[in-house]
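Shown below: model.txt, with compact mmCIF, N, CA and C atoms.
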```
# COMPACT_ATOMS: atom_id res chain seq x y z
N GLN A 1 -60.18 62.24 -10.80
CA GLN A 1 -61.60 62.21 -10.49
C GLN A 1 -62.30 63.37 -11.19
N VAL A 2 -63.36 63.06 -11.89
CA VAL A 2 -64.11 64.08 -12.63
C VAL A 2 -64.89 64.94 -11.66
N GLN A 3 -64.78 66.25 -11.82
CA GLN A 3 -65.53 67.21 -11.00
C GLN A 3 -66.69 67.77 -11.80
N LEU A 4 -67.84 67.82 -11.15
CA LEU A 4 -69.05 68.33 -11.79
C LEU A 4 -69.54 69.53 -11.00
N VAL A 5 -69.87 70.62 -11.70
CA VAL A 5 -70.35 71.82 -11.04
C VAL A 5 -71.64 72.27 -11.71
N GLU A 6 -72.71 72.27 -10.92
CA GLU A 6 -74.02 72.70 -11.42
C GLU A 6 -74.34 74.10 -10.91
N SER A 7 -75.08 74.86 -11.71
CA SER A 7 -75.49 76.20 -11.30
C SER A 7 -76.78 76.57 -12.01
N GLY A 8 -77.40 77.66 -11.53
CA GLY A 8 -78.57 78.19 -12.20
C GLY A 8 -79.90 77.95 -11.52
N GLY A 9 -79.88 77.21 -10.42
CA GLY A 9 -81.13 76.96 -9.72
C GLY A 9 -81.65 78.21 -9.02
N GLY A 10 -82.85 78.09 -8.45
CA GLY A 10 -83.43 79.21 -7.73
C GLY A 10 -84.89 78.98 -7.43
N LEU A 11 -85.54 80.04 -7.01
CA LEU A 11 -86.96 80.02 -6.68
C LEU A 11 -87.74 80.70 -7.80
N VAL A 12 -88.75 80.02 -8.29
CA VAL A 12 -89.54 80.57 -9.38
C VAL A 12 -91.01 80.18 -9.18
N GLN A 13 -91.89 80.99 -9.69
CA GLN A 13 -93.31 80.68 -9.61
C GLN A 13 -93.69 79.65 -10.67
N ALA A 14 -94.76 78.94 -10.41
CA ALA A 14 -95.25 77.97 -11.38
C ALA A 14 -95.48 78.66 -12.73
N GLY A 15 -95.06 77.97 -13.79
CA GLY A 15 -95.14 78.54 -15.12
C GLY A 15 -93.89 79.26 -15.56
N GLY A 16 -93.00 79.49 -14.62
CA GLY A 16 -91.77 80.22 -14.93
C GLY A 16 -90.71 79.34 -15.55
N SER A 17 -89.53 79.94 -15.74
CA SER A 17 -88.42 79.24 -16.40
C SER A 17 -87.13 79.41 -15.62
N LEU A 18 -86.27 78.42 -15.77
CA LEU A 18 -84.92 78.48 -15.25
C LEU A 18 -83.99 77.80 -16.25
N ARG A 19 -82.73 78.19 -16.19
CA ARG A 19 -81.73 77.59 -17.08
C ARG A 19 -80.57 77.10 -16.22
N LEU A 20 -80.36 75.82 -16.22
CA LEU A 20 -79.30 75.20 -15.44
C LEU A 20 -78.09 74.93 -16.32
N SER A 21 -76.91 75.09 -15.73
CA SER A 21 -75.67 74.82 -16.45
C SER A 21 -74.79 73.86 -15.66
N CYS A 22 -74.01 73.10 -16.39
CA CYS A 22 -73.11 72.12 -15.78
C CYS A 22 -71.77 72.16 -16.50
N THR A 23 -70.71 72.20 -15.72
CA THR A 23 -69.38 72.08 -16.31
C THR A 23 -68.72 70.81 -15.78
N VAL A 24 -67.91 70.20 -16.61
CA VAL A 24 -67.22 68.95 -16.28
C VAL A 24 -65.73 69.20 -16.36
N SER A 25 -65.02 68.88 -15.28
CA SER A 25 -63.60 69.24 -15.19
C SER A 25 -62.76 68.64 -16.31
N GLU A 26 -63.08 67.43 -16.73
CA GLU A 26 -62.31 66.77 -17.78
C GLU A 26 -62.90 66.98 -19.16
N GLY A 27 -63.95 67.82 -19.25
CA GLY A 27 -64.58 68.07 -20.53
C GLY A 27 -65.85 67.26 -20.69
N ILE A 28 -66.84 67.84 -21.34
CA ILE A 28 -68.14 67.16 -21.44
C ILE A 28 -68.09 65.97 -22.38
N ASN A 29 -67.05 65.86 -23.18
CA ASN A 29 -66.92 64.69 -24.06
C ASN A 29 -66.24 63.52 -23.36
N THR A 30 -66.00 63.67 -22.06
CA THR A 30 -65.43 62.58 -21.29
C THR A 30 -66.34 61.34 -21.36
N PHE A 31 -67.64 61.60 -21.39
CA PHE A 31 -68.61 60.52 -21.41
C PHE A 31 -69.42 60.56 -22.71
N VAL A 32 -69.83 59.38 -23.16
CA VAL A 32 -70.60 59.32 -24.40
C VAL A 32 -71.90 60.10 -24.27
N SER A 33 -72.49 60.05 -23.08
CA SER A 33 -73.75 60.74 -22.87
C SER A 33 -73.73 61.43 -21.51
N MET A 34 -74.29 62.64 -21.47
CA MET A 34 -74.42 63.38 -20.22
C MET A 34 -75.91 63.53 -19.89
N GLY A 35 -76.20 63.52 -18.61
CA GLY A 35 -77.59 63.63 -18.21
C GLY A 35 -77.81 64.64 -17.11
N TRP A 36 -79.03 65.10 -17.01
CA TRP A 36 -79.49 65.88 -15.86
C TRP A 36 -80.42 64.98 -15.05
N TYR A 37 -80.13 64.95 -13.76
CA TYR A 37 -80.91 64.15 -12.82
C TYR A 37 -81.52 65.08 -11.79
N ARG A 38 -82.52 64.58 -11.09
CA ARG A 38 -83.06 65.36 -9.98
C ARG A 38 -83.44 64.42 -8.85
N ARG A 39 -83.41 64.97 -7.65
CA ARG A 39 -83.78 64.19 -6.48
C ARG A 39 -84.68 65.00 -5.58
N VAL A 40 -85.81 64.44 -5.28
CA VAL A 40 -86.74 64.99 -4.31
C VAL A 40 -86.40 64.34 -2.97
N ILE A 41 -86.45 65.12 -1.90
CA ILE A 41 -86.14 64.58 -0.58
C ILE A 41 -86.97 63.34 -0.31
N GLY A 42 -86.29 62.27 0.08
CA GLY A 42 -86.98 61.03 0.38
C GLY A 42 -87.12 60.11 -0.80
N SER A 43 -86.65 60.55 -1.96
CA SER A 43 -86.76 59.72 -3.15
C SER A 43 -85.38 59.52 -3.78
N GLN A 44 -85.31 58.59 -4.70
CA GLN A 44 -84.05 58.38 -5.41
C GLN A 44 -83.92 59.37 -6.55
N ARG A 45 -82.70 59.57 -6.98
CA ARG A 45 -82.49 60.44 -8.14
C ARG A 45 -83.12 59.81 -9.37
N GLU A 46 -83.67 60.67 -10.21
CA GLU A 46 -84.23 60.21 -11.47
C GLU A 46 -83.57 60.98 -12.61
N LEU A 47 -83.39 60.29 -13.72
CA LEU A 47 -82.85 60.92 -14.91
C LEU A 47 -83.97 61.65 -15.63
N VAL A 48 -83.80 62.94 -15.85
CA VAL A 48 -84.86 63.71 -16.51
C VAL A 48 -84.54 64.01 -17.97
N ALA A 49 -83.26 64.08 -18.30
CA ALA A 49 -82.88 64.37 -19.69
C ALA A 49 -81.44 63.92 -19.92
N SER A 50 -81.15 63.52 -21.14
CA SER A 50 -79.78 63.14 -21.48
C SER A 50 -79.49 63.56 -22.91
N ILE A 51 -78.19 63.70 -23.19
CA ILE A 51 -77.76 64.09 -24.53
C ILE A 51 -76.44 63.39 -24.83
N THR A 52 -76.35 62.81 -26.00
CA THR A 52 -75.13 62.12 -26.40
C THR A 52 -74.14 63.10 -27.04
N ARG A 53 -72.94 62.61 -27.28
CA ARG A 53 -71.94 63.44 -27.95
C ARG A 53 -72.43 63.92 -29.31
N ARG A 54 -73.25 63.11 -29.95
CA ARG A 54 -73.77 63.48 -31.27
C ARG A 54 -75.01 64.35 -31.19
N GLY A 55 -75.46 64.63 -29.98
CA GLY A 55 -76.59 65.53 -29.82
C GLY A 55 -77.95 64.87 -29.77
N MET A 56 -77.98 63.54 -29.69
CA MET A 56 -79.26 62.85 -29.55
C MET A 56 -79.76 63.03 -28.12
N THR A 57 -81.03 63.36 -27.99
CA THR A 57 -81.59 63.66 -26.68
C THR A 57 -82.68 62.67 -26.29
N ASN A 58 -82.89 62.58 -25.00
CA ASN A 58 -83.94 61.73 -24.45
C ASN A 58 -84.47 62.41 -23.19
N TYR A 59 -85.80 62.29 -22.98
CA TYR A 59 -86.42 62.98 -21.85
C TYR A 59 -87.36 62.04 -21.10
N ALA A 60 -87.46 62.28 -19.82
CA ALA A 60 -88.48 61.60 -19.03
C ALA A 60 -89.84 62.13 -19.47
N ASP A 61 -90.84 61.28 -19.40
CA ASP A 61 -92.18 61.69 -19.82
C ASP A 61 -92.68 62.91 -19.06
N SER A 62 -92.28 63.03 -17.81
CA SER A 62 -92.77 64.12 -16.97
C SER A 62 -92.27 65.50 -17.41
N VAL A 63 -91.22 65.54 -18.22
CA VAL A 63 -90.66 66.84 -18.62
C VAL A 63 -90.70 67.07 -20.12
N LYS A 64 -91.13 66.08 -20.87
CA LYS A 64 -91.18 66.23 -22.33
C LYS A 64 -92.01 67.44 -22.72
N GLY A 65 -91.47 68.21 -23.66
CA GLY A 65 -92.17 69.39 -24.13
C GLY A 65 -91.95 70.63 -23.28
N ARG A 66 -91.34 70.46 -22.12
CA ARG A 66 -91.08 71.60 -21.22
C ARG A 66 -89.58 71.85 -21.01
N PHE A 67 -88.81 70.79 -20.96
CA PHE A 67 -87.37 70.90 -20.72
C PHE A 67 -86.62 70.63 -22.02
N THR A 68 -85.48 71.31 -22.17
CA THR A 68 -84.61 71.09 -23.32
C THR A 68 -83.17 70.99 -22.84
N ILE A 69 -82.51 69.90 -23.20
CA ILE A 69 -81.11 69.72 -22.84
C ILE A 69 -80.26 70.04 -24.06
N SER A 70 -79.13 70.67 -23.83
CA SER A 70 -78.22 71.00 -24.93
C SER A 70 -76.78 70.96 -24.42
N ARG A 71 -75.85 70.97 -25.35
CA ARG A 71 -74.45 70.94 -24.96
C ARG A 71 -73.66 71.90 -25.84
N ASP A 72 -72.65 72.50 -25.25
CA ASP A 72 -71.77 73.41 -25.97
C ASP A 72 -70.35 72.93 -25.72
N ASN A 73 -69.80 72.24 -26.68
CA ASN A 73 -68.46 71.66 -26.50
C ASN A 73 -67.40 72.74 -26.34
N ALA A 74 -67.58 73.86 -27.02
CA ALA A 74 -66.59 74.94 -26.94
C ALA A 74 -66.56 75.54 -25.53
N LYS A 75 -67.74 75.62 -24.90
CA LYS A 75 -67.82 76.20 -23.56
C LYS A 75 -67.77 75.13 -22.48
N ASN A 76 -67.71 73.87 -22.91
CA ASN A 76 -67.63 72.76 -21.97
C ASN A 76 -68.80 72.74 -21.00
N THR A 77 -69.98 72.99 -21.51
CA THR A 77 -71.16 73.03 -20.64
C THR A 77 -72.29 72.18 -21.20
N VAL A 78 -73.09 71.67 -20.29
CA VAL A 78 -74.35 71.01 -20.61
C VAL A 78 -75.44 71.84 -19.93
N THR A 79 -76.45 72.20 -20.68
CA THR A 79 -77.47 73.12 -20.19
C THR A 79 -78.84 72.45 -20.18
N LEU A 80 -79.64 72.79 -19.19
CA LEU A 80 -81.02 72.33 -19.13
C LEU A 80 -81.91 73.55 -19.05
N GLN A 81 -82.64 73.81 -20.13
CA GLN A 81 -83.61 74.90 -20.16
C GLN A 81 -84.94 74.34 -19.69
N MET A 82 -85.46 74.92 -18.64
CA MET A 82 -86.71 74.42 -18.05
C MET A 82 -87.78 75.49 -18.17
N ASN A 83 -88.81 75.20 -18.92
CA ASN A 83 -89.94 76.10 -19.10
C ASN A 83 -91.20 75.46 -18.53
N GLY A 84 -92.19 76.28 -18.30
CA GLY A 84 -93.44 75.75 -17.78
C GLY A 84 -93.28 74.97 -16.50
N LEU A 85 -92.46 75.50 -15.59
CA LEU A 85 -92.15 74.76 -14.36
C LEU A 85 -93.39 74.55 -13.50
N LYS A 86 -93.42 73.40 -12.85
CA LYS A 86 -94.52 73.01 -11.98
C LYS A 86 -93.98 72.77 -10.57
N PRO A 87 -94.81 72.89 -9.57
CA PRO A 87 -94.35 72.61 -8.19
C PRO A 87 -93.71 71.23 -8.06
N GLU A 88 -94.18 70.26 -8.81
CA GLU A 88 -93.60 68.92 -8.71
C GLU A 88 -92.21 68.82 -9.34
N ASP A 89 -91.74 69.89 -9.98
CA ASP A 89 -90.36 69.93 -10.49
C ASP A 89 -89.38 70.33 -9.39
N THR A 90 -89.90 70.72 -8.24
CA THR A 90 -89.04 71.11 -7.13
C THR A 90 -88.14 69.94 -6.73
N ALA A 91 -86.83 70.19 -6.74
CA ALA A 91 -85.87 69.13 -6.45
C ALA A 91 -84.46 69.73 -6.50
N VAL A 92 -83.49 68.93 -6.11
CA VAL A 92 -82.10 69.28 -6.35
C VAL A 92 -81.71 68.64 -7.68
N TYR A 93 -81.14 69.42 -8.56
CA TYR A 93 -80.79 68.96 -9.89
C TYR A 93 -79.28 68.76 -9.99
N TYR A 94 -78.90 67.65 -10.61
CA TYR A 94 -77.51 67.28 -10.78
C TYR A 94 -77.25 66.93 -12.24
N CYS A 95 -76.02 67.13 -12.66
CA CYS A 95 -75.61 66.58 -13.95
C CYS A 95 -74.59 65.48 -13.69
N ASN A 96 -74.53 64.54 -14.59
CA ASN A 96 -73.58 63.46 -14.47
C ASN A 96 -73.60 62.64 -15.76
N ALA A 97 -72.75 61.66 -15.80
CA ALA A 97 -72.72 60.76 -16.94
C ALA A 97 -74.02 59.95 -17.00
N ASP A 98 -74.34 59.50 -18.18
CA ASP A 98 -75.47 58.59 -18.38
C ASP A 98 -74.93 57.40 -19.17
N PRO A 99 -74.94 56.21 -18.61
CA PRO A 99 -75.48 55.85 -17.30
C PRO A 99 -74.59 56.28 -16.16
N ILE A 100 -75.15 56.39 -14.99
CA ILE A 100 -74.44 56.91 -13.84
C ILE A 100 -73.34 55.98 -13.37
N SER A 101 -73.41 54.72 -13.77
CA SER A 101 -72.39 53.76 -13.38
C SER A 101 -71.00 54.16 -13.91
N LEU A 102 -70.97 55.02 -14.93
CA LEU A 102 -69.69 55.46 -15.49
C LEU A 102 -68.98 56.45 -14.57
N ASN A 103 -69.74 57.12 -13.70
CA ASN A 103 -69.15 58.11 -12.79
C ASN A 103 -70.00 58.23 -11.55
N PRO A 104 -69.76 57.42 -10.54
CA PRO A 104 -70.62 57.40 -9.36
C PRO A 104 -70.44 58.58 -8.42
N THR A 105 -69.53 59.50 -8.73
CA THR A 105 -69.31 60.67 -7.87
C THR A 105 -70.19 61.82 -8.32
N TRP A 106 -70.94 62.41 -7.37
CA TRP A 106 -71.86 63.49 -7.69
C TRP A 106 -71.31 64.85 -7.28
N GLY A 107 -71.76 65.89 -7.97
CA GLY A 107 -71.48 67.25 -7.56
C GLY A 107 -72.45 67.66 -6.47
N GLN A 108 -72.44 68.96 -6.13
CA GLN A 108 -73.31 69.44 -5.07
C GLN A 108 -74.75 69.64 -5.53
N GLY A 109 -74.94 69.76 -6.80
CA GLY A 109 -76.28 69.98 -7.33
C GLY A 109 -76.71 71.43 -7.18
N THR A 110 -77.87 71.73 -7.73
CA THR A 110 -78.44 73.07 -7.63
C THR A 110 -79.92 72.94 -7.32
N GLN A 111 -80.38 73.70 -6.34
CA GLN A 111 -81.76 73.59 -5.86
C GLN A 111 -82.71 74.37 -6.77
N VAL A 112 -83.77 73.71 -7.18
CA VAL A 112 -84.85 74.35 -7.92
C VAL A 112 -86.11 74.25 -7.08
N THR A 113 -86.72 75.39 -6.82
CA THR A 113 -87.95 75.43 -6.04
C THR A 113 -89.01 76.16 -6.84
N VAL A 114 -90.14 75.50 -7.05
CA VAL A 114 -91.23 76.08 -7.82
C VAL A 114 -92.41 76.28 -6.89
N SER A 115 -92.82 77.52 -6.74
CA SER A 115 -93.96 77.82 -5.86
C SER A 115 -95.25 77.83 -6.65
N SER A 116 -96.31 77.45 -5.97
CA SER A 116 -97.62 77.38 -6.65
C SER A 116 -98.35 78.70 -6.56
```
What is this structure when it is put down as structure tokens?
Amino acid sequence: QVQLVESGGGLVQAGGSLRLSCTVSEGINTFVSMGWYRRVIGSQRELVASITRRGMTNYADSVKGRFTISRDNAKNTVTLQMNGLKPEDTAVYYCNADPISLNPTWGQGTQVTVSS
């Protein structure tokens, strides 16, 4: 079973930045594409960014121009750099395979809270 560990969340003021990291127990190349998801209480998880093994990226419209996803195969990490944070970015952030059907098991996630 693939283990996912997210870190880097915290409390930040609007306009601030955070950098999230994710490690995958079997290696980030286990899946063709890795994604960062987020879930607001009472809502379903949404995919905010993804990156393929070849480095092709895709972003949700709500984060385009503010978030950057990257991967470091040597360090076995997938990173989400979040700039220009807004209160509506407040959520628990998770990393996982994209599409999620490839790995339905989630990690604990990391809480991001943006104050206005």
Contacts of Ser21 (chain A) at 8 Å (only C-alpha atoms; same-chain gap of 4+ positions) as a PyMOL selection string:
chain A and resi 6-8+77-80
List every residue of chain A that DSSP, applied to the backbone of this structure, assigns to strand (DSSP E or B), and report them as a ChimeraX atom specification.
/A:4-7,10-13,18-24,33-39,46-52,57-59,67-72,77-82,91-97,110-115
Which residue, A:Ser17, A:Gln1, A:Ser33, A:Asn96, has the smallest gap to Val112 (chain A) when you use only C-alpha atoms?
A:Ser17
Quick one: residues within 5 Å of Val12 (chain A), only N, CA and C atoms, excluding same-chain residues fewer than 4 positions away - as an MDAnalysis selection string?
chainID A and resid 113:115
Point out the residue among A:Leu4, A:Ile51, A:Leu85, A:Ile69 with the least atom-to-atom distance to Gly109 (chain A), counting only C-alpha atoms.
A:Leu4
Which is closest to Lys86 (chain A) among A:Thr23, A:Ser116, A:Asn29, A:Asn103, if we use only N, CA and C atoms?
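Counting only N, CA and C atoms, the residue closest to Lys86 (chain A) is A:Ser116.
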Set the distance at 12 Å and use only C-alpha atoms: which residues neighbour Asp89 (chain A) once local chain neighbours fewer than 4 positions away are removed? I'd like the list as JSON, numbers by chain.
{"A": [9, 10, 11, 12, 13, 14, 15, 16, 17, 18, 37, 38, 39, 40, 46, 48, 62, 63, 66, 67, 82, 83, 84, 85, 93, 111, 112, 113, 114, 115, 116]}
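Our summary of the geometry notes that CA of Ile28 (chain A) is positioned 18.2 Å from CA of Thr110 (chain A).
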Can you work out which one of A:Gln3, A:Gln44, A:Ser50, A:Arg19 has the shortest atom-to-atom distance to Asp98 (chain A), counting only N, CA and C atoms?
A:Ser50
From the list A:Ala74, A:Ile41, A:Met34, A:Ala49, which residue is nearest Ile100 (chain A) when using only C-alpha atoms?
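The shortest atom-to-atom distance to Ile100 (chain A) comes from A:Met34.
If you look at CA of Lys75 (chain A) and CA of Met56 (chain A), they are 18.6 Å away from each other.
Picture a line from CA of Arg54 (chain A) to CA of Gly35 (chain A); it runs 13.6 Å.
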Which of these residues is nearest to Thr57 (chain A), using only C-alpha atoms: A:Ser101, A:Trp36, A:Tyr94, A:Val24?
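Of all the options, A:Trp36 lies closest to Thr57 (chain A).
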Would you compute, for all listed atoms of region 4-23 of chain A, the axis-aligned bounding box grown by 6 Å on each side, and then report its centre and edge lengths in Å rounded to one decimal, as AutoDock Vina command-line options?
```
--center_x -81.7 --center_y 74.4 --center_z -11.9 --size_x 39.6 --size_y 25.2 --size_z 22.4
```
